[in-house]
Amino acid sequence: MGKSVTFSFSSPKYEGTEETETFALKELGIDEDLDDETMKIEIDRIFQAWVWDKLNLAYSIVIG
């Protein structure tokens, strides 16, 4: 069985704003044979994209 990683986030300020999901490294397109530092960088990059996708924020800045 291959390696997996679990992504999770929650917000103490906004009730119900939480998510947890587990992925196989292969599913994320990450080579299990990468050195630890390179793997950490790749997982962090994918994690940030995953969080932004899950939060699905809408915002605007109005200067008047």
# chains A, B, ... in the order shown; residues from 1 in each chain; ligands from 1

$ select_by_dssp --residues "chain A" --states "helix (DSSP H, G or I)" --output "ChimeraX atom specification"
/A:36-55

$ residues_around --residues "region 17-23 of chain A" --least-positions-apart "6" --cutoff "10 Å" --atoms "only C-alpha atoms" --output "ChimeraX atom specification"
/A:3-11,50-51,54-55

$ write_last_selection --atoms "N, CA, C and O atoms" --output "short mmCIF file (atom, residue, chain, number, x, y, z; two decimals), in the first residue's frame"
data_model
loop_
_atom_site.label_atom_id
_atom_site.label_comp_id
_atom_site.auth_asym_id
_atom_site.auth_seq_id
_atom_site.Cartn_x
_atom_site.Cartn_y
_atom_site.Cartn_z
N LYS A 3 1.89 5.44 0.27
CA LYS A 3 1.78 6.48 1.29
C LYS A 3 0.57 7.37 1.03
O LYS A 3 0.15 7.54 -0.11
N SER A 4 0.06 7.95 2.11
CA SER A 4 -1.07 8.87 1.97
C SER A 4 -0.82 10.10 2.83
O SER A 4 0.05 10.11 3.70
N VAL A 5 -1.61 11.13 2.58
CA VAL A 5 -1.52 12.37 3.35
C VAL A 5 -2.96 12.81 3.64
O VAL A 5 -3.85 12.63 2.81
N THR A 6 -3.17 13.34 4.85
CA THR A 6 -4.49 13.84 5.23
C THR A 6 -4.43 15.34 5.38
O THR A 6 -3.58 15.87 6.11
N PHE A 7 -5.30 16.03 4.66
CA PHE A 7 -5.43 17.48 4.75
C PHE A 7 -6.61 17.79 5.67
O PHE A 7 -7.65 17.14 5.58
N SER A 8 -6.46 18.80 6.51
CA SER A 8 -7.53 19.16 7.42
C SER A 8 -7.40 20.63 7.79
O SER A 8 -6.29 21.15 7.92
N PHE A 9 -8.54 21.29 7.94
CA PHE A 9 -8.54 22.65 8.47
C PHE A 9 -9.85 22.89 9.20
O PHE A 9 -10.85 22.21 8.97
N SER A 10 -9.83 23.85 10.12
CA SER A 10 -11.04 24.28 10.82
C SER A 10 -10.84 25.72 11.24
O SER A 10 -9.72 26.23 11.28
N SER A 11 -11.93 26.38 11.54
CA SER A 11 -11.88 27.77 11.97
C SER A 11 -12.58 27.91 13.31
O SER A 11 -13.76 27.58 13.42
N TRP A 50 -5.85 23.21 -2.11
CA TRP A 50 -7.01 22.47 -1.59
C TRP A 50 -7.81 23.34 -0.63
O TRP A 50 -9.03 23.40 -0.71
N VAL A 51 -7.13 24.03 0.29
CA VAL A 51 -7.82 24.89 1.26
C VAL A 51 -8.57 26.00 0.54
O VAL A 51 -9.75 26.23 0.81
N LYS A 54 -11.67 24.66 -1.04
CA LYS A 54 -12.70 24.30 -0.06
C LYS A 54 -13.37 25.54 0.54
O LYS A 54 -14.56 25.53 0.81
N LEU A 55 -12.60 26.59 0.77
CA LEU A 55 -13.17 27.79 1.38
C LEU A 55 -14.06 28.54 0.41
O LEU A 55 -15.04 29.15 0.81
#

$ atom_distance --atom1 "CA of Gly2 (chain A)" --atom2 "CA of Asp53 (chain A)"
25.3 Å

$ atom_distance --atom1 "CA of Pro12 (chain A)" --atom2 "CA of Gln48 (chain A)"
18.7 Å

$ select_by_dssp --residues "chain A" --states "strand (DSSP E)" --output "list in words"
Ser4, Val5, Thr6, Phe7, Ser8, Phe9, Ser10, Glu18, Glu19, Thr20, Glu21, Thr22, Phe23 and Ala24 of chain A

$ write_last_selection --atoms "C-alpha atoms" --output "mmCIF file, in the first residue's frame"
data_model
loop_
_atom_site.group_PDB
_atom_site.id
_atom_site.type_symbol
_atom_site.label_atom_id
_atom_site.label_comp_id
_atom_site.auth_asym_id
_atom_site.auth_seq_id
_atom_site.Cartn_x
_atom_site.Cartn_y
_atom_site.Cartn_z
ATOM 1 C CA SER A 4 -1.072 8.869 1.973
ATOM 2 C CA VAL A 5 -1.523 12.373 3.347
ATOM 3 C CA THR A 6 -4.491 13.839 5.232
ATOM 4 C CA PHE A 7 -5.428 17.485 4.754
ATOM 5 C CA SER A 8 -7.525 19.161 7.422
ATOM 6 C CA PHE A 9 -8.543 22.654 8.467
ATOM 7 C CA SER A 10 -11.039 24.279 10.817
ATOM 8 C CA GLU A 18 -13.950 22.563 8.657
ATOM 9 C CA GLU A 19 -12.910 19.794 6.302
ATOM 10 C CA THR A 20 -10.720 16.682 6.366
ATOM 11 C CA GLU A 21 -9.753 14.594 3.354
ATOM 12 C CA THR A 22 -7.172 11.844 2.820
ATOM 13 C CA PHE A 23 -5.355 11.303 -0.474
ATOM 14 C CA ALA A 24 -2.870 8.749 -1.750
#

$ residues_around --residues "Asp31 (chain A)" --least-positions-apart "2" --cutoff "12 Å" --atoms "only C-alpha atoms" --output "PyMOL selection string"
chain A and resi 2-4+24-29+33-36+38-40+42-43

$ atom_distance --atom1 "CA of Gly16 (chain A)" --atom2 "CA of Ala49 (chain A)"
19.9 Å

$ decode --residues "region 42-53 of chain A" --atoms "N, CA, C and O atoms" --output "CSV table (one decimal), in the first residue's frame"
chain,number,residue,atom,x,y,z
A,42,GLU,N,6.0,20.1,-2.2
A,42,GLU,CA,4.9,19.7,-3.1
A,42,GLU,C,3.6,19.5,-2.3
A,42,GLU,O,2.5,20.0,-2.7
A,43,ILE,N,3.6,18.9,-1.1
A,43,ILE,CA,2.4,18.7,-0.3
A,43,ILE,C,1.9,20.0,0.1
A,43,ILE,O,0.7,20.3,0.1
A,44,ASP,N,2.8,20.9,0.6
A,44,ASP,CA,2.3,22.3,1.0
A,44,ASP,C,1.7,23.0,-0.1
A,44,ASP,O,0.6,23.7,0.1
A,45,ARG,N,2.2,23.0,-1.3
A,45,ARG,CA,1.6,23.7,-2.5
A,45,ARG,C,0.2,23.1,-2.8
A,45,ARG,O,-0.7,23.9,-3.0
A,46,ILE,N,0.1,21.8,-2.8
A,46,ILE,CA,-1.2,21.2,-3.0
A,46,ILE,C,-2.2,21.5,-1.9
A,46,ILE,O,-3.4,21.7,-2.1
A,47,PHE,N,-1.7,21.5,-0.7
A,47,PHE,CA,-2.6,21.7,0.5
A,47,PHE,C,-3.2,23.2,0.4
A,47,PHE,O,-4.4,23.4,0.6
A,48,GLN,N,-2.3,24.1,0.1
A,48,GLN,CA,-2.8,25.5,0.0
A,48,GLN,C,-3.9,25.6,-1.1
A,48,GLN,O,-4.9,26.3,-0.9
A,49,ALA,N,-3.7,25.0,-2.3
A,49,ALA,CA,-4.7,25.0,-3.3
A,49,ALA,C,-6.0,24.3,-2.8
A,49,ALA,O,-7.1,24.8,-3.1
A,50,TRP,N,-5.9,23.2,-2.1
A,50,TRP,CA,-7.0,22.5,-1.6
A,50,TRP,C,-7.8,23.3,-0.6
A,50,TRP,O,-9.0,23.4,-0.7
A,51,VAL,N,-7.1,24.0,0.3
A,51,VAL,CA,-7.8,24.9,1.3
A,51,VAL,C,-8.6,26.0,0.5
A,51,VAL,O,-9.8,26.2,0.8
A,52,TRP,N,-7.9,26.7,-0.4
A,52,TRP,CA,-8.6,27.8,-1.1
A,52,TRP,C,-9.8,27.3,-1.9
A,52,TRP,O,-10.8,27.9,-1.9
A,53,ASP,N,-9.7,26.1,-2.4
A,53,ASP,CA,-10.8,25.5,-3.2
A,53,ASP,C,-12.0,25.2,-2.2
A,53,ASP,O,-13.1,25.4,-2.5
